[in-house]
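In what follows, a structure is listed as structure tokens, so that the remarks can point back to it.
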Amino acid sequence: MARISTYALDSDVTKNDKVLGTDSAGTLTRNYKISDITAFLNKSSSIDVCGSRFKYIRPGSKNASSGYLKLAVDQGATVAFSTLSTFQLHKQALTGLDINSFYEAIEGSLVLLQKAGDTSKFGVFEWTSSAQNSSNTDLYDISVVYKGGNGSLEDEEDYLLSLLLFR
């Protein structure tokens with residue numbers, strides 16, 4: 001393998017480009033796609049973002065043990081933001097950080113729920129109440145009033161929940 005300094009610089013970086021690295025054990029050299037590195041940084045919240053990340057799952061889904069948002073009753077694989085008045089949030093975001101103390105503190109505030117990676121799909125809501133679910137204490141029942149937005153929740157997609165206006 002040639003010295004890295006002898007390789008030409010690539011001024012047109014794309015998500016499919018690869019970089020070299022070493023696995024965490026420090027023994028194997030690997031190729032890593034930039035898109036995979038980006039996905040890791042986003043999902044692990046290794047880069048500070050203004051929002052907590054949740055995965056929308058349908059009721060009865062066995063795909064997530066924490067960090068999810070779901071509806072109490074299945075309404076399909078896509079659910080328009082404009083139809084939401086209640087949903088359930090896990091007490092932990094996808095990063096594993098327990099954020100349920102945030103839920104009661106923001107009652108009466110405006111929040112933004114937007115699809116991660118596609119800011120054109122979002123809903124703005126007034127967060128009216130939150131209460132721990134009586135049958136699953138890892139979940140909180142959230143009540144909201146839709147104020148505006150565009151798009152839908154999509155099954156198995158990630159969403160960012162952000163505080164817009166604290167009241």
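Every chain in the structure tokens takes a letter, A first, then B, and so on in the order presented; its residues are numbered from 1, and the ligands are numbered from 1 following the presented order.
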Need to verify the contact set: Ser52 in chain A, 7 Å, only C-alpha atoms, exclusion of same-chain residues closer than 2 positions in sequence. Can you return it as an MDAnalysis selection string? chainID A and resid 54 93 160:162
Using only C-alpha atoms, which residues sit within 12 Å of Leu139 in chain A once same-chain residues fewer than 3 positions away are excluded, as a list in words?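 Answer for this query is Ser65, Ser66, Gly67, Tyr68, Leu69, Lys70, Leu71, Ala72, Phe87, Gln88, Leu89, His90, Lys91, Gln92, Ala93, Asp98, Ile99, Asn100, Tyr103, Ser130, Ala131, Gln132, Asn133, Ser134, Ser135, Asn136 and Ile142 of chain A.
CA of Lys115 in chain A sits 11.1 Å away from CA of Glu156 in chain A.
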Interatomic distance, CA of Glu126 in chain A to CA of Ser143 in chain A (Å, one decimal):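 Computing it gives 8.6 Å between the two atoms.
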All strand (DSSP E or B) residues (DSSP, backbone) inside chain A, as number ranges by chain: A: 18-22, 29-33, 52-56, 68-70, 78-80, 86-90, 92, 98, 110-115, 122-132, 139-150, 152-154, 158-165
Non-local contacts of Gly123 in chain A (10 Å; only C-alpha atoms; under 2 positions in same chain excluded) as number ranges by chain: A: 80-82, 84, 111-115, 120-121, 125, 146-153, 161
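Secondary structure by DSSP on the backbone puts the following residues of range 14-162 of chain A in helix (DSSP H, G or I): Ile34, Ser35, Asp36, Ile37, Thr38, Ala39, Phe40, Leu41, Asn42, Lys43, Phe81, Ser82, Thr83, Asn100, Ser101, Phe102, Tyr103, Glu104 and Ala105 of chain A.
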In Å, with one decimal, what is the gap from CA of Gly108 in chain A to CA of Leu165 in chain A?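 Separation between CA of Gly108 in chain A and CA of Leu165 in chain A: 9.2 Å.
Among the candidate residues A:Leu97, A:Ala116, A:Asp138, A:Phe102, the one lying nearest to Tyr56 in chain A is A:Ala116, with distances computed using only C-alpha atoms.
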Which of A:Leu94, A:Thr128, A:Leu163, A:Glu157 sits closest to Phe40 in chain A [using only C-alpha atoms]: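 Of A:Leu94, A:Thr128, A:Leu163, A:Glu157, the one nearest Phe40 in chain A, counting only C-alpha atoms, is A:Leu94.
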List the neighbours of range 104-106 of chain A out to 7 Å using only C-alpha atoms; skip same-chain residues closer than 3 positions along the sequence, and give me the result as an MDAnalysis selection string. chainID A and resid 101 109 127 130 166
